[in-house]
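Worksheet: the structure to be examined is printed underneath.
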Amino acid sequence: MSRLQAPLPSGNLLSRRNLLLSSALLAAACNRGQTFGSEEQPLNLRLVYWGYEPDLLQWNLERFTTQYPGLRVMPEIVSTEYFQTVSRLLNEGQPLDTVYVRETDLAAWAQAEWLEPLDEFNGINQYRESMIPQAAEGIQCKGVSYGLPYYTECALWVYDEEILRNAGIALPPATWEEVTEQALEIKRRGLVEYPIRLTYRFHTSTNIDWWAMVYARGGTFFDENLNPVFHLPGSAAEQTLSWLLAGIYSTEIIHADVLGSSYEAALRNPTAFTIQPGYNFYFNQQEGGAPGSRRVALFPGNDPSQSGSIMWTRLYAIPRASRNKDAAWELLQYLGGIDREDRYFTPLFWFVNRSLGSAYESLYADPQVRRLADERGLGDLSAYLQQRQVARTHEGREAPWFQKWEHFSQGEIQRVLLRQVSPLQALERMADEFYALRIEWNNVTKSA
C-alpha cells in the first residue's frame, strides 16, 4: 500500500453556496452527544464490505473509535459474489449494522425490506440537500433514503494531449464523427496503431462505457412508465453499437480487445482516446509518477452542443436486522457525512488517498483536493465538474431486477461486438428480457 495521506486539518469543505445547508448539518452534529458502550465494554458494530483497500478502511475506523470510544467497528470482507452473499445474509436476518451497497442493487434490497429507511433519522434531509442531485438519487429508492454516500463518480472522456498535438489536432473531438476523423488521422500518421481503447468485458459493476456512450449521444433507455425504448430503430443505443463495430472491424481505430481489456490497460499503453472512471487518475499517477499528457474533456455527442455520461453512487446502509441502529447511524455519518469534528473527513480522506469522487460538491473547493487533482491529471477540475453536471444515473435501477437484467445485457453487447448478432437483434432481446423479468418479479411478489 502506498503511503497514507490524512486530509489536512484546514479542509472544511463548506462553500458559501452550501452555507445554510451546512449550518443545519453542523447544528444536527452538535446534538450528537449520545454515548454508546464504554472503553472497557465497547459496543461492537458489524460492517460488511467488498474488500476495497482494507488497510485504509481500518485506519479510518480506528480514527472513528477516537471520536466514539465506546464503539468498535468489526469489518467483514465479502470478496466474491458480493450481491448474492450479502443478499443471503440479509435474508437470514443476520445482525449486521452497516453494509456497502451499490445503488444498482439498492432497489432489490430496499423492496425486500432488508434495509432500514433513514428518512426519520436526524440530519438525513440536510445531507441529501447538500449532495449533487445524482448522488441524492443514488441513495434513494422510490423517494426514500436508505444510506449515505461512500463515493460518487462518473465516467470521463480522456484524451492524450501530446498525441493529438503531434497529429496536428488543436482540440479534442466534440462529436463522434470528429472522434473517428481524429483517430484516423492519428492512425494514418503512425502515432498509435489503435488510437481508441475501450472495455466491454464482464465485471461486477454495470457497464460503464456502454451507459456513458449512449448518454453522451443524448440517448435514453426507458420511457416514463419504465418501458424499454433503447431497442427502437435509430436509437442512441443502436448508433453506439454500430459505431463500435465500424471502429473495430472497418476503420480499425478501436483496439479489438474490447472484451478483455481493462481501464488500466488503456493507461499503460499509448492511447489517444479512452473512457475512465474519475478515480483512475490516481492509478494514472501511481503507474507513471505523473499524469503525463492525458487530459479530461467533455464527452463527444451527436452534435457539438451535446454531452452526457453515467454517474454512480456507492453507499453505506443500515440493515433492518441491526440491533444498534442509533450507533450505526453515527457510523454512517462519520463515513458518509460529517464527523464529530464537524468535517466531511471521510469523503475527503478517500479522495486524498484514492481519488474517489464525492457526493458533496463543496469538497472540490478544498485547496488540498484542487492541488491533488491537478497533480493527477484532472487539471483545474473544470472539465471534470462540467461532466458531472450533465451525467445521469442509471435509468431503470429502481427495478429490483435491474442488476440481473444488466448482466444479461452485457452478454448481448458482447455478442454484438463478436459479430454474432446485429445491434438491433441484441437490443430487442434486451428489451424482451426486461419485460420477462418484470413479469417474473410481479408473479413472485403476488405469490409471496
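Note on naming: chains are A, B, ... as they come in the C-alpha cells, residues start from 1 per chain, ligands start from 1 in the order shown.
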
Report as JSON lines: every residue of stretch 300-320 of chain A with an atom at most 12 Å from stretch 38-54 of chain A, its closest pair of atoms, and their distance in Å to one decimal, counting only C-alpha atoms, with rows sorted by chain and ascending residue number.
```
{"residue": "A:Arg314", "atom": "CA", "partner": "A:Tyr49", "partner_atom": "CA", "distance": 11.1}
{"residue": "A:Leu315", "atom": "CA", "partner": "A:Tyr49", "partner_atom": "CA", "distance": 10.5}
{"residue": "A:Tyr316", "atom": "CA", "partner": "A:Tyr49", "partner_atom": "CA", "distance": 9.2}
{"residue": "A:Ala317", "atom": "CA", "partner": "A:Leu47", "partner_atom": "CA", "distance": 9.8}
{"residue": "A:Ile318", "atom": "CA", "partner": "A:Leu47", "partner_atom": "CA", "distance": 9.3}
{"residue": "A:Pro319", "atom": "CA", "partner": "A:Leu47", "partner_atom": "CA", "distance": 10.2}
```

Output file for the residues above (all heavy atoms, as a PDB file, in the first residue's frame):
```pdb
ATOM      1  N   ARG A 314     -21.958   4.750  -4.654  1.00  0.00           N
ATOM      2  CA  ARG A 314     -21.918   3.640  -3.700  1.00  0.00           C
ATOM      3  C   ARG A 314     -22.273   4.213  -2.328  1.00  0.00           C
ATOM      4  O   ARG A 314     -21.929   5.354  -2.015  1.00  0.00           O
ATOM      5  CB  ARG A 314     -20.535   3.000  -3.670  1.00  0.00           C
ATOM      6  CG  ARG A 314     -20.014   2.564  -5.038  1.00  0.00           C
ATOM      7  CD  ARG A 314     -20.892   1.501  -5.656  1.00  0.00           C
ATOM      8  NE  ARG A 314     -20.319   0.964  -6.878  1.00  0.00           N
ATOM      9  CZ  ARG A 314     -20.908   0.975  -8.060  1.00  0.00           C
ATOM     10  NH1 ARG A 314     -22.109   1.548  -8.184  1.00  0.00           N
ATOM     11  NH2 ARG A 314     -20.350   0.444  -9.113  1.00  0.00           N
ATOM     12  N   LEU A 315     -22.947   3.423  -1.510  1.00  0.00           N
ATOM     13  CA  LEU A 315     -23.439   3.981  -0.251  1.00  0.00           C
ATOM     14  C   LEU A 315     -23.287   3.029   0.909  1.00  0.00           C
ATOM     15  O   LEU A 315     -23.053   1.820   0.725  1.00  0.00           O
ATOM     16  CB  LEU A 315     -24.898   4.402  -0.393  1.00  0.00           C
ATOM     17  CG  LEU A 315     -25.915   3.338  -0.815  1.00  0.00           C
ATOM     18  CD1 LEU A 315     -27.238   3.573  -0.082  1.00  0.00           C
ATOM     19  CD2 LEU A 315     -26.170   3.412  -2.323  1.00  0.00           C
ATOM     20  N   TYR A 316     -23.383   3.585   2.096  1.00  0.00           N
ATOM     21  CA  TYR A 316     -23.431   2.827   3.340  1.00  0.00           C
ATOM     22  C   TYR A 316     -24.886   2.784   3.793  1.00  0.00           C
ATOM     23  O   TYR A 316     -25.557   3.807   3.819  1.00  0.00           O
ATOM     24  CB  TYR A 316     -22.608   3.492   4.434  1.00  0.00           C
ATOM     25  CG  TYR A 316     -21.201   3.896   4.073  1.00  0.00           C
ATOM     26  CD1 TYR A 316     -20.920   5.219   3.714  1.00  0.00           C
ATOM     27  CD2 TYR A 316     -20.153   2.984   4.120  1.00  0.00           C
ATOM     28  CE1 TYR A 316     -19.625   5.612   3.413  1.00  0.00           C
ATOM     29  CE2 TYR A 316     -18.857   3.370   3.814  1.00  0.00           C
ATOM     30  CZ  TYR A 316     -18.595   4.685   3.458  1.00  0.00           C
ATOM     31  OH  TYR A 316     -17.309   5.071   3.146  1.00  0.00           O
ATOM     32  N   ALA A 317     -25.357   1.608   4.178  1.00  0.00           N
ATOM     33  CA  ALA A 317     -26.744   1.468   4.631  1.00  0.00           C
ATOM     34  C   ALA A 317     -26.783   0.672   5.934  1.00  0.00           C
ATOM     35  O   ALA A 317     -25.811   0.006   6.306  1.00  0.00           O
ATOM     36  CB  ALA A 317     -27.583   0.780   3.558  1.00  0.00           C
ATOM     37  N   ILE A 318     -27.930   0.746   6.606  1.00  0.00           N
ATOM     38  CA  ILE A 318     -28.143   0.026   7.866  1.00  0.00           C
ATOM     39  C   ILE A 318     -29.157  -1.092   7.625  1.00  0.00           C
ATOM     40  O   ILE A 318     -30.298  -0.805   7.234  1.00  0.00           O
ATOM     41  CB  ILE A 318     -28.673   0.977   8.966  1.00  0.00           C
ATOM     42  CG1 ILE A 318     -27.691   2.128   9.194  1.00  0.00           C
ATOM     43  CG2 ILE A 318     -28.907   0.201  10.271  1.00  0.00           C
ATOM     44  CD1 ILE A 318     -28.214   3.191  10.152  1.00  0.00           C
ATOM     45  N   PRO A 319     -28.798  -2.345   7.831  1.00  0.00           N
ATOM     46  CA  PRO A 319     -29.779  -3.427   7.698  1.00  0.00           C
ATOM     47  C   PRO A 319     -30.873  -3.325   8.759  1.00  0.00           C
ATOM     48  O   PRO A 319     -30.632  -2.868   9.882  1.00  0.00           O
ATOM     49  CB  PRO A 319     -28.934  -4.696   7.901  1.00  0.00           C
ATOM     50  CG  PRO A 319     -27.541  -4.285   7.551  1.00  0.00           C
ATOM     51  CD  PRO A 319     -27.436  -2.859   8.014  1.00  0.00           C
TER      52      PRO A 319
END
```

What's the 9 Å shell around A:Tyr215, counting only C-alpha atoms, without same-chain residues fewer than 6 positions away, as a list in words?
-> Ala236, Ala237, Gly301, Ser307, Gly308, Ser309, Ile310, Ala391 and Arg392 of chain A

Nearest candidate to A:Glu406 (options A:Gln58, A:Asn207, A:Ser235, A:Asn91; using only C-alpha atoms) | A:Asn207

For A:Gly357, which residue out of A:Leu244, A:Ala135, A:Ile275, A:Leu89 is the nearest one, using only C-alpha atoms?
->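 Of all the options, A:Ala135 lies closest to A:Gly357.
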
Give the strand (DSSP E) residues of stretch 107-300 of chain A, as DSSP finds them on the backbone, and put them as number ranges by chain.
-> A: 140-141, 144-145, 147-160, 196-197, 273-277, 294-297

Export of the given selection (N, CA and C atoms) as a PDB file, in the first residue's frame:
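Written file, again_34.pdb:
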```
ATOM      1  N   GLN A 140     -31.433   6.898  -2.763  1.00  0.00           N
ATOM      2  CA  GLN A 140     -32.871   6.743  -2.573  1.00  0.00           C
ATOM      3  C   GLN A 140     -33.449   5.636  -3.454  1.00  0.00           C
ATOM      4  N   CYS A 141     -34.535   5.082  -2.995  1.00  0.00           N
ATOM      5  CA  CYS A 141     -35.353   4.177  -3.791  1.00  0.00           C
ATOM      6  C   CYS A 141     -36.802   4.581  -3.584  1.00  0.00           C
ATOM      7  N   VAL A 144     -37.375   7.294  -0.956  1.00  0.00           N
ATOM      8  CA  VAL A 144     -36.979   7.042   0.434  1.00  0.00           C
ATOM      9  C   VAL A 144     -35.459   6.901   0.497  1.00  0.00           C
ATOM     10  N   SER A 145     -34.848   7.541   1.480  1.00  0.00           N
ATOM     11  CA  SER A 145     -33.390   7.471   1.641  1.00  0.00           C
ATOM     12  C   SER A 145     -33.012   6.210   2.413  1.00  0.00           C
ATOM     13  N   GLY A 147     -29.347   5.429   2.773  1.00  0.00           N
ATOM     14  CA  GLY A 147     -27.940   5.425   3.139  1.00  0.00           C
ATOM     15  C   GLY A 147     -27.318   6.791   2.979  1.00  0.00           C
ATOM     16  N   LEU A 148     -26.014   6.830   3.210  1.00  0.00           N
ATOM     17  CA  LEU A 148     -25.191   7.998   2.927  1.00  0.00           C
ATOM     18  C   LEU A 148     -24.082   7.570   1.975  1.00  0.00           C
ATOM     19  N   PRO A 149     -23.583   8.495   1.161  1.00  0.00           N
ATOM     20  CA  PRO A 149     -22.683   8.098   0.074  1.00  0.00           C
ATOM     21  C   PRO A 149     -21.276   7.719   0.529  1.00  0.00           C
ATOM     22  N   TYR A 150     -20.800   6.610   0.001  1.00  0.00           N
ATOM     23  CA  TYR A 150     -19.403   6.192   0.132  1.00  0.00           C
ATOM     24  C   TYR A 150     -18.580   7.004  -0.870  1.00  0.00           C
ATOM     25  N   TYR A 151     -18.971   6.974  -2.133  1.00  0.00           N
ATOM     26  CA  TYR A 151     -18.394   7.886  -3.123  1.00  0.00           C
ATOM     27  C   TYR A 151     -19.361   8.015  -4.286  1.00  0.00           C
ATOM     28  N   THR A 152     -19.167   9.071  -5.072  1.00  0.00           N
ATOM     29  CA  THR A 152     -19.967   9.325  -6.263  1.00  0.00           C
ATOM     30  C   THR A 152     -19.003   9.628  -7.401  1.00  0.00           C
ATOM     31  N   GLU A 153     -19.142   8.906  -8.494  1.00  0.00           N
ATOM     32  CA  GLU A 153     -18.196   9.074  -9.593  1.00  0.00           C
ATOM     33  C   GLU A 153     -18.915   9.057 -10.927  1.00  0.00           C
ATOM     34  N   CYS A 154     -18.258   9.584 -11.963  1.00  0.00           N
ATOM     35  CA  CYS A 154     -18.811   9.495 -13.306  1.00  0.00           C
ATOM     36  C   CYS A 154     -17.721   9.057 -14.272  1.00  0.00           C
ATOM     37  N   ALA A 155     -18.154   8.549 -15.434  1.00  0.00           N
ATOM     38  CA  ALA A 155     -17.220   8.156 -16.485  1.00  0.00           C
ATOM     39  C   ALA A 155     -16.737   9.407 -17.205  1.00  0.00           C
ATOM     40  N   LEU A 156     -15.454   9.431 -17.551  1.00  0.00           N
ATOM     41  CA  LEU A 156     -14.833  10.596 -18.172  1.00  0.00           C
ATOM     42  C   LEU A 156     -14.275  10.245 -19.546  1.00  0.00           C
ATOM     43  N   TRP A 157     -14.357  11.198 -20.463  1.00  0.00           N
ATOM     44  CA  TRP A 157     -13.714  11.073 -21.774  1.00  0.00           C
ATOM     45  C   TRP A 157     -12.295  11.618 -21.631  1.00  0.00           C
ATOM     46  N   VAL A 158     -11.311  10.770 -21.905  1.00  0.00           N
ATOM     47  CA  VAL A 158      -9.912  11.104 -21.671  1.00  0.00           C
ATOM     48  C   VAL A 158      -9.166  11.085 -23.003  1.00  0.00           C
ATOM     49  N   TYR A 159      -8.374  12.100 -23.239  1.00  0.00           N
ATOM     50  CA  TYR A 159      -7.567  12.153 -24.455  1.00  0.00           C
ATOM     51  C   TYR A 159      -6.111  12.436 -24.099  1.00  0.00           C
ATOM     52  N   ASP A 160      -5.216  12.082 -25.025  1.00  0.00           N
ATOM     53  CA  ASP A 160      -3.792  12.323 -24.832  1.00  0.00           C
ATOM     54  C   ASP A 160      -3.407  13.583 -25.600  1.00  0.00           C
ATOM     55  N   ILE A 196      -7.989   4.252 -30.043  1.00  0.00           N
ATOM     56  CA  ILE A 196      -9.061   4.193 -29.039  1.00  0.00           C
ATOM     57  C   ILE A 196      -9.008   2.865 -28.306  1.00  0.00           C
ATOM     58  N   ARG A 197      -9.062   2.903 -26.985  1.00  0.00           N
ATOM     59  CA  ARG A 197      -9.155   1.691 -26.157  1.00  0.00           C
ATOM     60  C   ARG A 197     -10.381   1.809 -25.258  1.00  0.00           C
ATOM     61  N   PHE A 273      -7.592   8.088 -27.140  1.00  0.00           N
ATOM     62  CA  PHE A 273      -8.892   8.319 -26.522  1.00  0.00           C
ATOM     63  C   PHE A 273      -9.293   7.089 -25.712  1.00  0.00           C
ATOM     64  N   THR A 274      -9.861   7.335 -24.551  1.00  0.00           N
ATOM     65  CA  THR A 274     -10.377   6.242 -23.733  1.00  0.00           C
ATOM     66  C   THR A 274     -11.448   6.791 -22.804  1.00  0.00           C
ATOM     67  N   ILE A 275     -12.149   5.896 -22.146  1.00  0.00           N
ATOM     68  CA  ILE A 275     -13.133   6.252 -21.122  1.00  0.00           C
ATOM     69  C   ILE A 275     -12.608   5.726 -19.793  1.00  0.00           C
ATOM     70  N   GLN A 276     -12.622   6.569 -18.780  1.00  0.00           N
ATOM     71  CA  GLN A 276     -12.099   6.185 -17.476  1.00  0.00           C
ATOM     72  C   GLN A 276     -13.012   6.679 -16.357  1.00  0.00           C
ATOM     73  N   PRO A 277     -13.184   5.890 -15.296  1.00  0.00           N
ATOM     74  CA  PRO A 277     -13.801   6.456 -14.089  1.00  0.00           C
ATOM     75  C   PRO A 277     -12.850   7.468 -13.482  1.00  0.00           C
ATOM     76  N   ARG A 294      -2.240  13.090 -20.447  1.00  0.00           N
ATOM     77  CA  ARG A 294      -3.657  12.734 -20.501  1.00  0.00           C
ATOM     78  C   ARG A 294      -4.497  13.831 -19.861  1.00  0.00           C
ATOM     79  N   ARG A 295      -5.592  14.143 -20.528  1.00  0.00           N
ATOM     80  CA  ARG A 295      -6.460  15.215 -20.061  1.00  0.00           C
ATOM     81  C   ARG A 295      -7.917  14.782 -20.147  1.00  0.00           C
ATOM     82  N   VAL A 296      -8.780  15.503 -19.442  1.00  0.00           N
ATOM     83  CA  VAL A 296     -10.218  15.240 -19.457  1.00  0.00           C
ATOM     84  C   VAL A 296     -10.901  16.265 -20.343  1.00  0.00           C
ATOM     85  N   ALA A 297     -11.815  15.786 -21.194  1.00  0.00           N
ATOM     86  CA  ALA A 297     -12.670  16.665 -21.991  1.00  0.00           C
ATOM     87  C   ALA A 297     -14.103  16.181 -21.848  1.00  0.00           C
TER      88      ALA A 297
END
```

DSSP-assigned alpha helix (DSSP H) members of stretch 231-305 of chain A, reported as a list in words |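 Residues meeting the alpha helix (DSSP H) criterion: Ala236, Ala237, Glu238, Gln239, Thr240, Leu241, Ser242, Trp243, Leu244, Leu245, Tyr263, Glu264, Ala265, Ala266, Leu267, Arg268, Asn280, Phe281, Tyr282, Phe283, Asn284, Gln285, Gln286, Glu287 and Gly288 of chain A.
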
Kindly save the residues from that selection, with N, CA, C and O atoms included, as a short mmCIF file (atom, residue, chain, number, x, y, z; two decimals), in the first residue's frame.
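The result, written out as part_21.cif:
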```
data_model
loop_
_atom_site.label_atom_id
_atom_site.label_comp_id
_atom_site.auth_asym_id
_atom_site.auth_seq_id
_atom_site.Cartn_x
_atom_site.Cartn_y
_atom_site.Cartn_z
N ALA A 236 -30.09 5.90 -29.82
CA ALA A 236 -28.69 6.15 -29.48
C ALA A 236 -27.97 4.85 -29.14
O ALA A 236 -26.77 4.72 -29.38
N ALA A 237 -28.69 3.88 -28.58
CA ALA A 237 -28.08 2.59 -28.28
C ALA A 237 -27.65 1.88 -29.56
O ALA A 237 -26.54 1.34 -29.64
N GLU A 238 -28.52 1.88 -30.58
CA GLU A 238 -28.14 1.27 -31.85
C GLU A 238 -26.99 2.04 -32.51
O GLU A 238 -26.04 1.43 -33.04
N GLN A 239 -27.04 3.36 -32.47
CA GLN A 239 -25.96 4.17 -33.04
C GLN A 239 -24.62 3.84 -32.37
O GLN A 239 -23.59 3.73 -33.04
N THR A 240 -24.64 3.67 -31.06
CA THR A 240 -23.41 3.37 -30.33
C THR A 240 -22.83 2.04 -30.75
O THR A 240 -21.62 1.92 -31.02
N LEU A 241 -23.66 1.01 -30.83
CA LEU A 241 -23.16 -0.31 -31.22
C LEU A 241 -22.66 -0.32 -32.66
O LEU A 241 -21.63 -0.93 -32.96
N SER A 242 -23.35 0.37 -33.53
CA SER A 242 -22.91 0.43 -34.93
C SER A 242 -21.57 1.16 -35.04
O SER A 242 -20.69 0.74 -35.81
N TRP A 243 -21.41 2.23 -34.27
CA TRP A 243 -20.14 2.97 -34.29
C TRP A 243 -19.00 2.09 -33.77
O TRP A 243 -17.89 2.11 -34.32
N LEU A 244 -19.26 1.34 -32.72
CA LEU A 244 -18.24 0.44 -32.18
C LEU A 244 -17.83 -0.61 -33.20
O LEU A 244 -16.63 -0.88 -33.40
N LEU A 245 -18.80 -1.21 -33.87
CA LEU A 245 -18.49 -2.24 -34.87
C LEU A 245 -17.64 -1.66 -36.00
O LEU A 245 -16.66 -2.29 -36.44
N TYR A 263 -9.59 -0.91 -17.83
CA TYR A 263 -9.31 0.52 -17.79
C TYR A 263 -7.82 0.77 -17.59
O TYR A 263 -7.25 1.69 -18.17
N GLU A 264 -7.19 -0.06 -16.79
CA GLU A 264 -5.78 0.12 -16.52
C GLU A 264 -4.94 -0.10 -17.78
O GLU A 264 -3.91 0.56 -17.98
N ALA A 265 -5.36 -1.03 -18.65
CA ALA A 265 -4.62 -1.28 -19.89
C ALA A 265 -4.56 -0.04 -20.76
O ALA A 265 -3.54 0.23 -21.41
N ALA A 266 -5.62 0.72 -20.76
CA ALA A 266 -5.65 1.95 -21.56
C ALA A 266 -4.70 3.00 -21.01
O ALA A 266 -4.22 3.86 -21.74
N LEU A 267 -4.41 2.93 -19.71
CA LEU A 267 -3.48 3.87 -19.10
C LEU A 267 -2.04 3.41 -19.24
O LEU A 267 -1.11 4.23 -19.22
N ARG A 268 -1.84 2.11 -19.39
CA ARG A 268 -0.47 1.58 -19.53
C ARG A 268 0.03 1.68 -20.96
O ARG A 268 1.24 1.65 -21.19
N ASN A 280 -9.59 6.68 -11.51
CA ASN A 280 -8.42 6.08 -12.14
C ASN A 280 -7.31 7.07 -12.39
O ASN A 280 -6.21 6.69 -12.79
N PHE A 281 -7.55 8.35 -12.16
CA PHE A 281 -6.47 9.30 -12.29
C PHE A 281 -5.48 9.18 -11.13
O PHE A 281 -4.34 9.62 -11.24
N TYR A 282 -5.90 8.55 -10.05
CA TYR A 282 -4.93 8.20 -9.00
C TYR A 282 -4.03 7.09 -9.52
O TYR A 282 -2.81 7.13 -9.40
N PHE A 283 -4.64 6.07 -10.11
CA PHE A 283 -3.87 4.97 -10.70
C PHE A 283 -2.92 5.51 -11.75
O PHE A 283 -1.76 5.10 -11.84
N ASN A 284 -3.39 6.43 -12.57
CA ASN A 284 -2.59 7.04 -13.62
C ASN A 284 -1.31 7.63 -13.03
O ASN A 284 -0.21 7.41 -13.54
N GLN A 285 -1.43 8.34 -11.92
CA GLN A 285 -0.27 8.95 -11.28
C GLN A 285 0.63 7.88 -10.68
O GLN A 285 1.86 7.94 -10.81
N GLN A 286 0.04 6.86 -10.03
CA GLN A 286 0.85 5.83 -9.39
C GLN A 286 1.66 5.04 -10.40
O GLN A 286 2.77 4.62 -10.15
N GLU A 287 1.08 4.78 -11.59
CA GLU A 287 1.77 4.00 -12.60
C GLU A 287 2.98 4.74 -13.16
O GLU A 287 4.04 4.17 -13.34
N GLY A 288 2.82 6.01 -13.46
CA GLY A 288 3.89 6.73 -14.14
C GLY A 288 4.57 7.78 -13.29
O GLY A 288 5.53 8.41 -13.73
#
```

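Residues surrounding stretch 424-432 of chain A within 9 Å are A:Asn227, A:Pro228, A:Val229, A:Phe230, A:His231, A:Leu232, A:Pro233, A:Ala237, A:Glu238, A:Trp405, A:Glu406, A:Phe408, A:Ser409, A:Glu412, A:Ile413, A:Arg415, A:Val416, A:Val421, A:Ser422, A:Phe434, A:Tyr435, A:Ala436, A:Leu437 [only C-alpha atoms; sequence separation below 2 positions excluded].
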
Export C-alpha atoms of the chosen residues as a PDB file, in the first residue's frame?
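In the end it all went to out_26.pdb:
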```
ATOM      1  CA  ASN A 227     -40.902   0.610 -20.799  1.00  0.00           C
ATOM      2  CA  PRO A 228     -37.772   0.000 -22.911  1.00  0.00           C
ATOM      3  CA  VAL A 229     -37.165   2.393 -25.807  1.00  0.00           C
ATOM      4  CA  PHE A 230     -33.482   1.661 -26.436  1.00  0.00           C
ATOM      5  CA  HIS A 231     -34.351  -1.098 -28.932  1.00  0.00           C
ATOM      6  CA  LEU A 232     -36.213   1.190 -31.325  1.00  0.00           C
ATOM      7  CA  PRO A 233     -34.522   1.620 -34.756  1.00  0.00           C
ATOM      8  CA  ALA A 237     -28.079   2.588 -28.278  1.00  0.00           C
ATOM      9  CA  GLU A 238     -28.140   1.269 -31.851  1.00  0.00           C
ATOM     10  CA  TRP A 405     -31.041  -7.539 -16.487  1.00  0.00           C
ATOM     11  CA  GLU A 406     -27.805  -5.569 -16.693  1.00  0.00           C
ATOM     12  CA  PHE A 408     -27.854 -10.229 -19.340  1.00  0.00           C
ATOM     13  CA  SER A 409     -27.383  -7.049 -21.357  1.00  0.00           C
ATOM     14  CA  GLU A 412     -25.779  -9.374 -25.505  1.00  0.00           C
ATOM     15  CA  ILE A 413     -23.465  -6.431 -26.141  1.00  0.00           C
ATOM     16  CA  ARG A 415     -22.305 -10.937 -28.791  1.00  0.00           C
ATOM     17  CA  VAL A 416     -22.729  -7.840 -30.971  1.00  0.00           C
ATOM     18  CA  VAL A 421     -25.873 -10.886 -33.720  1.00  0.00           C
ATOM     19  CA  SER A 422     -26.804  -7.498 -35.146  1.00  0.00           C
ATOM     20  CA  PHE A 434     -36.545  -6.663 -19.219  1.00  0.00           C
ATOM     21  CA  TYR A 435     -40.250  -7.374 -19.788  1.00  0.00           C
ATOM     22  CA  ALA A 436     -39.769 -11.052 -18.859  1.00  0.00           C
ATOM     23  CA  LEU A 437     -38.028 -10.165 -15.604  1.00  0.00           C
TER      24      LEU A 437
END
```

Take atom CA of A:Gln94 and atom CA of A:Ser322 and report the distance between them in Å, one decimal.
-> 8.0 Å

Figure out the distance between atom CA of A:Glu330 and atom CA of A:Gly70, please, to one decimal in Å.
->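 Value for the atom CA of A:Gly70-atom CA of A:Glu330 distance: 12.0 Å.
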